[in-house]
Amino acid sequence: MSTNGARDARESGDGAQAVPLAKGAPPVPRQPPEAEGPPLVRWLHAPRPSARPGVWRHGHVPKPPEDPDRLGDRELHGTALLAALTGWLVWSFYGNGYLGFVDWPMDWTGVNSWRKDTAWITVIYLYQLLFACFLVYAFGRAGNGPALWRRWRPTVLRLLCGRPDIAPLGRRTILRATAALVAAWAVWELCFSGVWDFWLEPLYALVPDAWWEDGDTTQYTVSYNLYYVLWAVLVLAVFAALGDWRAVRRRYPLALRRGSAAATPAERAELARLSDFTELRAAGAEAAAERLADEVRIGAMSDLDYARIAHAWSAVRARPTELPAFSDAARVHGAAAFVHPSGERDLPVRAARHDLLTRQVRIGLALDEDRNPYHYRGEDVALDPAVLGTSLLAVGPPGSGKTGRVVRPVTEALCLHALTGQAAVVAVGTASAALGPDHAFDIVVRVGDPAGTHRLDLYGGATDTDEAASLVAEALVGGSRVDPREAAAVLVQLIGPYQAAYGQLPGVPELRAMLDGAPALLATLRDDLALAGAQDQQRELDARARQAQRPDDLGPHLADRLALLDRAGFSLGDRDRTTRPFSLGSLVHPLRVRIDLPATGHAEAGRIITRLLLAQFTAAVTTRPDRTLFACLVLDDATAAITPGTVRGLTQLRPANAGAVLTLRTLDDVAPELRTGLLGAVGCRMAFSGITTWDAEHFARAWGTEWREDQDVTRTPDRAGGIVRRSVRGVRKLFTGRDTTTESVTVRRVERERWSASELAHRVPPRHAVLSLTSVAGEPSPPVLVRLG
């Protein structure tokens, strides 16, 4: 399928006609999904239930509703142990004759007056078994047995069945199966303990008498043991049928049959759709589906290949006319179909854990503690385009883990998504940031490197002179006292005439020279404008000449700022056209771009370039005609890049299917009047360990408050009791020096900050961060303490 066809399919939207499927149910796969199959099959069959924003969905087990009266682990296990010991002690007393009143019902009914025959022993045994069941039930309830089972149920099911998310059985099914199990145990004991002997009558009738004369004969031993086995199997079969043990076996398969088949037809159909391409078969592309299924089974297809083909198929479903081209490409190329224009089918190395079906990358683990919300405790935390589309701001001091534990995994994930045709990424940082190897990117721009193959376009691909001037002005004077609009007015007086005369926008050296008022260049430009017949642009040059005479003219200041870029090598290769220009207007294609900022000696030039890229990115992605690709700009260091214009631009990224990842050492790098606006413009906020208290105050206000239970403890001296208690308290005070007090606890609901500034600044451990997320659909998550890595 061609790239244009895929783009047309994506542009068709929801209103396009779907691929007509064949009538009837989809064909059943030739063989059921196997638990121990190729790695890709196991990856496809892993459960991925829906979850809250930021929860790692691969293998996720949804938690039951929160129990407000949930017991702690120590109290729960301690109570269960105490109940078990007490129940064992009561049974021991009964067995040793200390609880004679338990046998009173046997005396009242006259059972104990019977002769000690088989019926009497049977009734006594069943009565004792009933009493034992009563003890198990009573002390199980007293020891919180149901709560203990619910606490350990996922772990037990994971060990036995390999699936901790199996739905529990009904109450009637459990009671029926348990009653049958107890009855089978009773019959077993009565038969094999010598109380019942009627079951041996058939054996006596079938075995010759000569075999019984000597119990050591081989015939006697074989026949007797064989009959025992047959009788035991008969007992188990009868009570298994009465207790419907097959229902239990279907719900909780043995460990040897882990994950053998889905529990429901819907799950089996979903697994077949994933690994056997039933949708493609139903659409009529049988040969293509067979080729892809074979590559899955033999292990020739990777997870990235699968995600890329699935994305291409989603485009075909929106535009059915592309089905023949899709089928031919899949049948001929198999797992290598619809490959990225670079020809790469994977990254050179993966340092993070990714799930390309959900497009998530794991960044850490939410701690299982009271400060975290219930549904996030103990869960893996991940990022995906659904939350990055609201932009992410990470604040933390150097060495806190912003680059290694957030920026690099996110960049790597976006590069993988670009290889599947679903994203475009631009990662910006210094060469020491090591955002990824060169082979992981399609374009690497090294500002100031003479050996570089690409250079940055000063205007970001803009062709309108007013837009180009606004972008350059935002980069040069953004964040300073100079109004970018005034700077743009100065720049457009030179950019417009230059384009009218030569048909292109000026480079950094030419623009710098014109701002400096170079007479020869301006005279030549004026003559060329006359030849081109652009009298209106000559008036712009006249206005620029008049303003240059003013003492507060911005021209020299802008020229000095451009000189910083020129000295940093921003225009290397521009004059002799040895390098190709790159503009952020190219983000309509699934590109992977890395931009290395100049070396340490050009820090201010790096800040100008960062502002330029952020301004160009927001302008480019918001004007894209095709927004199906998720576009993301990753700034490893956004110091001095936040301006009023870029804050306004961040609010426009979400509807444009784009986002930005910004990291700051401190919010002091942002103007005071912009800090609140910046935190409000991004949907994802991340505070790392080691931030200052005044930075933490901004996050605390952004995360708001919640209702909590507050306990007030009041201690008063103990004056109660008689002379003995007062004497004991006096002796204790003599030795300890402290009065004996009584405590009264008052519990009330109060509104507290989710995370106070003091907690954020002093109680976040190293290599941890507090993270809050918001999805593009508007679903928020509360702040969560995450252990990164």
# chains A, B, ... in the order shown; residues from 1 in each chain; ligands from 1
$ residues_around --residues "region 677-694 of chain A" --least-positions-apart "2" --cutoff "7 Å" --atoms "only C-alpha atoms" --output "PyMOL selection string"
chain A and resi 390-397+400+647+650-651+674-675+696-697+702+757-758+761+764-774
$ select_by_dssp --residues "region 397-591 of chain A" --states "alpha helix (DSSP H)" --output "ChimeraX atom specification"
/A:402,408-419,465-477,484-502,508-515,519-532,535-547,555-567
$ closest_residue --among "A:Arg607, A:His602, A:Arg141, A:Arg153" --to "Ala83 (chain A)" --atoms "only C-alpha atoms"
A:Arg141
$ residues_around --residues "Gly140 (chain A)" --least-positions-apart "6" --cutoff "8 Å" --atoms "only C-alpha atoms" --output "PDB file with C-alpha atoms, in the first residue's frame"
ATOM      1  CA  ALA A  80      -5.995 -15.506  61.221  1.00  0.00           C
ATOM      2  CA  ALA A  83      -8.046 -18.008  65.218  1.00  0.00           C
ATOM      3  CA  ALA A  84      -6.287 -21.091  63.774  1.00  0.00           C
ATOM      4  CA  PRO A 146     -12.795 -14.463  53.529  1.00  0.00           C
TER       5      PRO A 146
END
$ residues_around --residues "Asp536 (chain A)" --least-positions-apart "2" --cutoff "12 Å" --atoms "only C-alpha atoms" --output "PyMOL selection string"
chain A and resi 493+496-497+500-501+526+529-530+532-534+538-543
$ residues_around --residues "region 752-755 of chain A" --least-positions-apart "5" --cutoff "9 Å" --atoms "only C-alpha atoms" --output "list in words"
Arg371, Ala696, Phe699, Ala700, Arg701, Trp703, Gly704, Thr705, Glu706, Trp707, Arg708, Leu760, Val770, Pro782 and Pro783 of chain A
$ residues_around --residues "Val407 (chain A)" --least-positions-apart "2" --cutoff "10 Å" --atoms "only C-alpha atoms" --output "list in words"
Ile363, Ala394, Gly401, Lys402, Thr403, Gly404, Arg405, Pro409, Val410, Thr411, Glu412, Ala413, Ala427, Ala433, Leu435, Val634, Leu635, Asp636, Val661, Leu662 and Thr663 of chain A
$ closest_residue --among "A:Leu226, A:Asp244, A:Leu135, A:Pro38" --to "Thr178 (chain A)" --atoms "only C-alpha atoms"
A:Asp244
$ closest_residue --among "A:Phe735, A:Trp56, A:Trp88, A:Phe570" --to "Leu365 (chain A)" --atoms "only C-alpha atoms"
A:Trp56
